[in-house]
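Peer 1: File structure38.tsv follows (TSV, C-alpha atoms):
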```tsv
chain	number	residue	atom	x	y	z
A	19	MET	CA	0.00	0.00	0.00
A	20	THR	CA	1.17	3.54	-0.69
A	21	SER	CA	2.59	5.17	2.41
A	22	THR	CA	1.55	8.70	3.25
A	23	PHE	CA	3.39	11.56	4.91
A	24	THR	CA	1.38	13.56	7.43
A	25	GLY	CA	4.16	14.99	9.54
A	26	PRO	CA	4.49	18.58	10.77
A	27	PRO	CA	5.45	21.49	8.49
A	28	GLY	CA	9.01	21.39	7.25
A	29	GLU	CA	9.63	17.79	8.27
A	30	ALA	CA	10.97	15.53	5.53
A	31	PRO	CA	9.08	12.36	4.63
A	32	SER	CA	10.47	9.20	6.15
A	33	ALA	CA	12.27	6.71	3.94
A	34	GLY	CA	9.87	4.96	1.59
A	35	ALA	CA	7.08	7.49	2.10
A	36	ALA	CA	5.45	8.92	-1.00
A	37	PRO	CA	5.66	12.70	-1.36
A	38	ALA	CA	2.44	14.62	-0.75
A	39	ALA	CA	0.55	15.46	-3.94
A	40	VAL	CA	-1.44	18.03	-1.96
A	41	SER	CA	-1.08	19.19	1.63
A	42	ALA	CA	-2.45	21.62	4.18
A	43	ILE	CA	-0.05	23.31	6.57
A	44	ASP	CA	-1.61	24.86	9.68
A	45	VAL	CA	-4.71	25.79	7.65
A	46	ALA	CA	-7.42	27.85	9.33
A	47	LYS	CA	-10.72	28.91	7.82
A	48	VAL	CA	-13.05	31.39	9.50
A	49	TYR	CA	-16.43	32.46	8.15
A	50	GLY	CA	-17.85	35.74	9.44
A	51	THR	CA	-16.45	38.07	12.08
A	52	GLY	CA	-16.84	38.89	15.74
A	53	ASP	CA	-19.44	36.96	17.70
A	54	ALA	CA	-20.81	35.51	14.45
A	55	ALA	CA	-17.46	34.01	13.41
A	56	VAL	CA	-17.47	30.29	12.61
A	57	HIS	CA	-14.10	28.52	12.83
A	58	ALA	CA	-14.51	25.77	10.24
A	59	LEU	CA	-10.82	24.77	10.30
A	60	ARG	CA	-8.55	25.36	13.30
A	61	GLY	CA	-4.97	24.79	12.15
A	62	VAL	CA	-5.10	21.62	10.05
A	63	THR	CA	-1.85	20.02	8.93
A	64	VAL	CA	-2.25	16.94	6.74
A	65	GLY	CA	-0.71	15.54	3.56
A	66	PHE	CA	-2.19	13.33	0.87
A	67	ALA	CA	0.27	11.06	-0.92
A	68	GLY	CA	0.51	10.81	-4.68
A	69	GLY	CA	-0.94	7.62	-6.14
A	70	ALA	CA	-3.19	7.01	-3.14
A	71	PHE	CA	-6.94	7.03	-2.46
A	72	THR	CA	-7.78	8.96	0.73
A	73	ALA	CA	-11.20	9.54	2.27
A	74	ILE	CA	-12.01	12.47	4.57
A	75	MET	CA	-14.72	11.81	7.15
A	76	GLY	CA	-16.23	13.36	10.25
A	77	PRO	CA	-19.49	14.43	11.87
A	78	SER	CA	-21.64	17.13	10.30
A	79	GLY	CA	-19.89	20.46	10.74
A	80	SER	CA	-16.47	18.88	11.29
A	81	GLY	CA	-14.90	20.84	8.42
A	82	LYS	CA	-14.38	18.01	5.95
A	83	SER	CA	-15.96	19.75	2.94
A	84	THR	CA	-14.28	23.03	3.86
A	85	LEU	CA	-10.90	21.29	3.95
A	86	MET	CA	-11.49	19.75	0.53
A	87	HIS	CA	-12.55	23.09	-0.94
A	88	CYS	CA	-9.42	24.75	0.44
A	89	LEU	CA	-7.17	21.94	-0.85
A	90	ALA	CA	-8.75	22.23	-4.30
A	91	GLY	CA	-8.39	26.02	-4.46
A	92	LEU	CA	-12.17	26.49	-4.51
A	93	ASP	CA	-12.07	28.46	-1.25
A	94	THR	CA	-9.47	30.76	0.28
A	95	VAL	CA	-7.85	30.07	3.64
A	96	SER	CA	-7.84	32.43	6.61
A	97	GLY	CA	-4.40	31.25	7.69
A	98	GLY	CA	-1.76	28.69	6.80
A	99	ARG	CA	-0.75	27.32	3.40
A	100	VAL	CA	-2.05	24.85	0.83
A	101	LEU	CA	0.49	23.18	-1.43
A	102	LEU	CA	-0.35	21.35	-4.65
A	103	GLY	CA	2.98	19.71	-5.36
A	104	ASP	CA	5.38	22.66	-5.32
A	105	ALA	CA	2.68	25.30	-5.97
A	106	ASP	CA	1.51	27.38	-3.01
A	107	LEU	CA	-2.18	28.01	-3.73
A	108	THR	CA	-2.37	30.68	-1.03
A	109	ARG	CA	0.03	32.90	-2.99
A	110	LEU	CA	-1.70	32.70	-6.37
A	111	GLY	CA	-3.98	35.35	-7.82
A	112	ASP	CA	-7.40	34.48	-9.20
A	113	ARG	CA	-6.24	34.03	-12.79
A	114	ARG	CA	-3.30	31.78	-11.98
A	115	LEU	CA	-5.42	29.81	-9.54
A	116	THR	CA	-8.08	29.26	-12.21
A	117	LEU	CA	-5.45	28.04	-14.67
A	118	LEU	CA	-3.92	25.72	-12.07
A	119	ARG	CA	-7.30	24.16	-11.26
A	120	ARG	CA	-8.01	23.67	-14.96
A	121	GLU	CA	-4.65	22.04	-15.69
A	122	ARG	CA	-3.84	20.11	-12.52
A	123	VAL	CA	-7.06	19.37	-10.62
A	124	GLY	CA	-10.07	17.17	-11.43
A	125	PHE	CA	-13.46	17.24	-9.73
A	126	VAL	CA	-16.26	14.73	-9.21
A	127	PHE	CA	-19.34	15.98	-7.36
A	128	GLN	CA	-22.51	14.40	-5.99
A	129	ALA	CA	-24.42	16.01	-8.87
A	130	PHE	CA	-23.10	14.61	-12.14
A	131	ASN	CA	-22.90	18.07	-13.79
A	132	LEU	CA	-23.16	16.73	-17.33
A	133	LEU	CA	-24.44	18.86	-20.20
A	134	PRO	CA	-27.66	17.20	-21.39
A	135	THR	CA	-27.21	18.11	-25.07
A	136	LEU	CA	-23.76	16.51	-25.34
A	137	THR	CA	-22.92	12.85	-25.74
A	138	ALA	CA	-20.91	10.98	-23.14
A	139	GLU	CA	-17.76	11.38	-25.24
A	140	GLU	CA	-18.36	15.11	-25.70
A	141	ASN	CA	-18.93	15.55	-21.96
A	142	ILE	CA	-15.72	13.68	-21.18
A	143	LEU	CA	-13.68	15.83	-23.56
A	144	LEU	CA	-15.35	19.15	-22.72
A	145	PRO	CA	-12.74	20.43	-20.18
A	146	LEU	CA	-9.91	19.73	-22.62
A	147	ARG	CA	-11.67	21.55	-25.42
A	148	MET	CA	-12.46	24.52	-23.18
A	149	ALA	CA	-8.74	24.69	-22.35
A	150	GLY	CA	-7.81	24.49	-26.03
A	151	ARG	CA	-6.06	21.14	-25.55
A	152	LYS	CA	-6.25	18.13	-27.83
A	153	PRO	CA	-7.02	14.82	-26.18
A	154	GLU	CA	-4.36	12.11	-26.06
A	155	ARG	CA	-6.27	9.42	-27.90
A	156	ALA	CA	-4.45	6.48	-26.34
A	157	TRP	CA	-5.07	7.87	-22.85
A	158	PHE	CA	-8.72	8.62	-23.67
A	159	ASP	CA	-9.19	5.04	-24.87
A	160	GLN	CA	-7.59	3.68	-21.69
A	161	VAL	CA	-9.83	5.81	-19.47
A	162	VAL	CA	-12.97	4.83	-21.40
A	163	ASP	CA	-12.11	1.14	-21.16
A	164	VAL	CA	-11.36	1.35	-17.43
A	165	VAL	CA	-14.73	2.99	-16.70
A	166	GLY	CA	-16.51	0.58	-19.04
A	167	LEU	CA	-18.17	3.20	-21.25
A	168	ARG	CA	-17.05	2.07	-24.69
A	169	ASP	CA	-20.58	1.19	-25.81
A	170	ARG	CA	-22.12	4.35	-24.30
A	171	LEU	CA	-19.93	7.07	-25.80
A	172	HIS	CA	-22.59	8.30	-28.23
A	173	HIS	CA	-25.42	8.31	-25.68
A	174	ARG	CA	-26.66	11.50	-24.03
A	175	PRO	CA	-27.03	11.71	-20.22
A	176	SER	CA	-30.79	11.06	-20.39
A	177	GLU	CA	-30.00	7.71	-22.01
A	178	LEU	CA	-27.62	6.66	-19.23
A	179	SER	CA	-28.22	5.28	-15.74
A	180	GLY	CA	-27.11	7.28	-12.71
A	181	GLY	CA	-24.07	5.07	-12.28
A	182	GLN	CA	-23.12	5.49	-15.92
A	183	GLN	CA	-23.51	9.26	-15.69
A	184	GLN	CA	-21.21	9.39	-12.67
A	185	ARG	CA	-18.68	7.21	-14.48
A	186	VAL	CA	-18.77	9.75	-17.33
A	187	ALA	CA	-18.06	12.45	-14.73
A	188	CYS	CA	-15.16	10.38	-13.37
A	189	ALA	CA	-13.74	9.88	-16.87
A	190	ARG	CA	-14.07	13.63	-17.51
A	191	ALA	CA	-12.05	14.32	-14.36
A	192	LEU	CA	-9.39	11.77	-15.29
A	193	VAL	CA	-8.91	12.44	-18.99
A	194	SER	CA	-6.85	15.61	-18.43
A	195	ARG	CA	-4.35	13.66	-16.26
A	196	PRO	CA	-4.75	15.89	-13.19
A	197	ASP	CA	-2.37	15.80	-10.26
A	198	VAL	CA	-5.31	15.21	-7.91
A	199	ILE	CA	-8.99	14.36	-8.28
A	200	PHE	CA	-11.26	15.70	-5.54
A	201	ALA	CA	-14.50	13.77	-5.12
A	202	ASP	CA	-17.28	15.28	-2.98
A	203	GLU	CA	-19.81	12.61	-1.95
A	204	PRO	CA	-19.53	11.02	-5.44
A	205	THR	CA	-21.99	8.22	-4.61
A	206	GLY	CA	-24.51	10.39	-2.75
A	207	ASN	CA	-27.09	10.25	-5.57
A	208	LEU	CA	-26.56	6.58	-6.44
A	209	ASP	CA	-28.03	3.28	-5.29
A	210	SER	CA	-25.67	0.81	-3.64
A	211	SER	CA	-24.96	-1.14	-6.84
A	212	SER	CA	-24.19	1.95	-8.95
A	213	GLY	CA	-22.17	3.43	-6.08
A	214	ALA	CA	-20.05	0.29	-5.92
A	215	GLU	CA	-19.37	0.57	-9.67
A	216	VAL	CA	-18.14	4.15	-9.32
A	217	LEU	CA	-16.04	3.43	-6.23
A	218	GLY	CA	-14.52	0.41	-7.93
A	219	PHE	CA	-13.49	2.60	-10.85
A	220	LEU	CA	-11.97	5.21	-8.54
A	221	ARG	CA	-9.95	2.53	-6.78
A	222	THR	CA	-8.85	1.03	-10.11
A	223	SER	CA	-7.75	4.45	-11.37
A	224	VAL	CA	-5.46	4.71	-8.35
A	225	ARG	CA	-4.04	1.20	-8.43
A	226	GLU	CA	-3.69	0.74	-12.18
A	227	MET	CA	-3.30	4.32	-13.46
A	228	GLY	CA	-1.47	6.00	-10.57
A	229	GLN	CA	-4.18	8.59	-9.95
A	230	THR	CA	-4.39	10.53	-6.66
A	231	ILE	CA	-7.89	10.82	-5.20
A	232	VAL	CA	-9.14	12.73	-2.15
A	233	MET	CA	-12.78	11.95	-1.38
A	234	VAL	CA	-15.19	13.45	1.15
A	235	THR	CA	-17.85	10.97	2.21
A	236	HIS	CA	-20.18	10.22	5.11
A	237	ASP	CA	-20.54	6.55	4.08
A	238	PRO	CA	-18.33	3.95	5.82
A	239	VAL	CA	-18.78	1.54	2.90
A	240	ALA	CA	-17.52	4.18	0.44
A	241	ALA	CA	-14.59	4.96	2.75
A	242	SER	CA	-13.63	1.28	2.85
A	243	TYR	CA	-12.57	1.54	-0.81
A	244	ALA	CA	-9.84	4.02	0.18
A	245	ASP	CA	-6.26	3.27	1.23
A	246	ARG	CA	-6.57	5.64	4.16
A	247	VAL	CA	-9.26	7.58	6.02
A	248	VAL	CA	-8.58	10.94	7.72
A	249	PHE	CA	-11.05	11.94	10.45
A	250	LEU	CA	-11.99	15.50	11.37
A	251	ARG	CA	-13.94	16.88	14.31
A	252	ASP	CA	-14.53	20.52	15.20
A	253	GLY	CA	-12.15	21.71	12.49
A	254	LEU	CA	-9.22	19.53	13.55
A	255	VAL	CA	-7.70	16.27	12.33
A	256	VAL	CA	-8.33	13.81	15.16
A	257	GLY	CA	-7.10	10.53	13.69
A	258	GLU	CA	-6.73	8.28	10.69
A	259	LEU	CA	-7.07	4.66	9.59
A	260	THR	CA	-5.08	2.74	7.01
A	261	GLU	CA	-6.51	-0.28	5.21
A	262	PRO	CA	-10.00	0.65	6.43
A	263	THR	CA	-13.04	-1.60	6.46
A	264	ALA	CA	-16.64	-0.46	6.74
A	265	ALA	CA	-16.73	-1.86	10.29
A	266	THR	CA	-13.56	-0.11	11.49
A	267	VAL	CA	-14.65	3.19	9.95
A	268	LEU	CA	-18.11	2.96	11.53
A	269	ASP	CA	-16.57	2.19	14.91
A	270	ARG	CA	-14.30	5.24	14.68
A	271	LEU	CA	-17.20	7.47	13.63
A	272	LYS	CA	-19.24	6.33	16.62
A	273	HIS	CA	-16.46	7.52	18.92
A	274	LEU	CA	-16.40	10.86	17.10
A	275	GLY	CA	-20.12	11.37	17.49
A	276	GLY	CA	-20.91	11.14	13.76
```
Would it be possible to restate this file's structure as structure tokens?
Peer 2:
Amino acid sequence: MTSTFTGPPGEAPSAGAAPAAVSAIDVAKVYGTGDAAVHALRGVTVGFAGGAFTAIMGPSGSGKSTLMHCLAGLDTVSGGRVLLGDADLTRLGDRRLTLLRRERVGFVFQAFNLLPTLTAEENILLPLRMAGRKPERAWFDQVVDVVGLRDRLHHRPSELSGGQQQRVACARALVSRPDVIFADEPTGNLDSSSGAEVLGFLRTSVREMGQTIVMVTHDPVAASYADRVVFLRDGLVVGELTEPTAATVLDRLKHLGG
């Protein structure tokens, strides 16, 4: 299994540990001011190794979605730093941050966010075309075969099941070869069978294609597909599990109150 560095700022990874693809260093996030201030993150330091599948979990209000949004450059931090490889997101202006997200980050959300008038293939290739980039055909073919969409490429979203639509969204995130894919409750709108299909693909993309995935989920079964689970409570990292099972994740959540 891929090892993961989560040590304090400035500390070198131990021998054999994979370098962090994305990391938070003493990250704080405050919404509002004065008595109305909400401290969503309270000095979070955590790294996510390249080529690994990590789930972020915690009770409602623990800060898990806020952390993901800060790591992905979708939200600004109130303090600390976010590093995507060697790029410090906290020092980038809006334009450079937009370009970095387009070129180095992929997203999969609970809502499939497919354009209904486009075919599956056109939806997959849309981000590349918006960026003025030509697809690498061999890579596109590999992604399509891994997600099992070869016979659905010319179908529109209305002609696809929920699981197939989410697999299109996963392929769209993967086709640009991003440094990291962030998945926010990717199985939240799916039944258990379709959810298992999508999670199986995400795990395969890590193990066979070297992808890095950071997923927010509330579901212990979904988290059991990951290599590692990071737990938050009250805006702080309070623990982690490696080689998780649904049972061990559920037991940890019970102790966290979520």
Peer 1: For Ser176 of chain A, work out the shell of residues within 12 Å, counting all atoms listed in the file and skipping chain neighbours fewer than 4 positions away, then give it as a PyMOL selection string.
Peer 2: chain A and resi 130+132-138+170+172+180+182-183
Peer 1: Under the rule that all atoms listed in the file are counted, which of A:Arg147, A:Leu107, A:Arg113, A:Gly79 is the nearest residue to Val56 of chain A?
Peer 2: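 Closest residue, counting all atoms listed in the file: A:Gly79.
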Peer 1: List as JSON, numbers by chain the protein and nucleic acid residues near segment 242-250 of chain A, meaning an atom at most 6 Å away when all atoms listed in the file are counted, but skip any in the same chain fewer than 2 places from it.
Peer 2: {"A": [71, 72, 73, 74, 75, 76, 80, 239, 240, 254, 255, 256, 257, 258, 259, 260, 261, 262, 263, 264]}
Peer 1: Select, from A:Ala156, A:Ala191, A:Val198, A:Leu167, the residue with the minimum atom-to-atom distance to Ala67 of chain A, counting all atoms listed in the file.
Peer 2: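 Answer, going by the shortest atom-to-atom distance: A:Val198.
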Peer 1: To box segment 168-172 of chain A, take all atoms listed in the file, fit an axis-aligned box, add 6 Å on each side, and give centre and edge lengths in Å to one decimal, as lines of an AutoDock Vina configuration file.
Peer 2:
```
center_x = -19.8
center_y = 4.7
center_z = -26.3
size_x = 17.5
size_y = 19.1
size_z = 15.9
```
Peer 1: Of the candidates A:Leu171, A:Ala105, A:Val186, A:Leu192, which one gets nearest to Gly228 of chain A if we count all atoms listed in the file?
Peer 2: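 Using all atoms listed in the file, the shortest distance to Gly228 of chain A belongs to A:Leu192.
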Peer 1: Work out how far atom CA of Ala42 of chain A is from atom CA of Gly253 of chain A, in Å to one decimal.
Peer 2: 12.8 Å
Peer 1: To one decimal place in Å, what is the distance between atom CA of Arg109 of chain A and atom CA of Thr230 of chain A?
Peer 2: 23.1 Å
Peer 1: Find the spatial neighbours of Gly150 of chain A, counting all atoms listed in the file, within a cut-off of 12 Å - ignore same-chain residues fewer than 5 positions away - and output them as a list in words.
Peer 2: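 After dropping sequence-adjacent residues, the list is Arg120, Glu121, Leu143, Leu144, Pro145 and Ser194 of chain A.
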Peer 1: So what do you get for atom CA of Gly81 of chain A versus atom CA of Val45 of chain A, distance-wise?
Peer 2: 11.4 Å
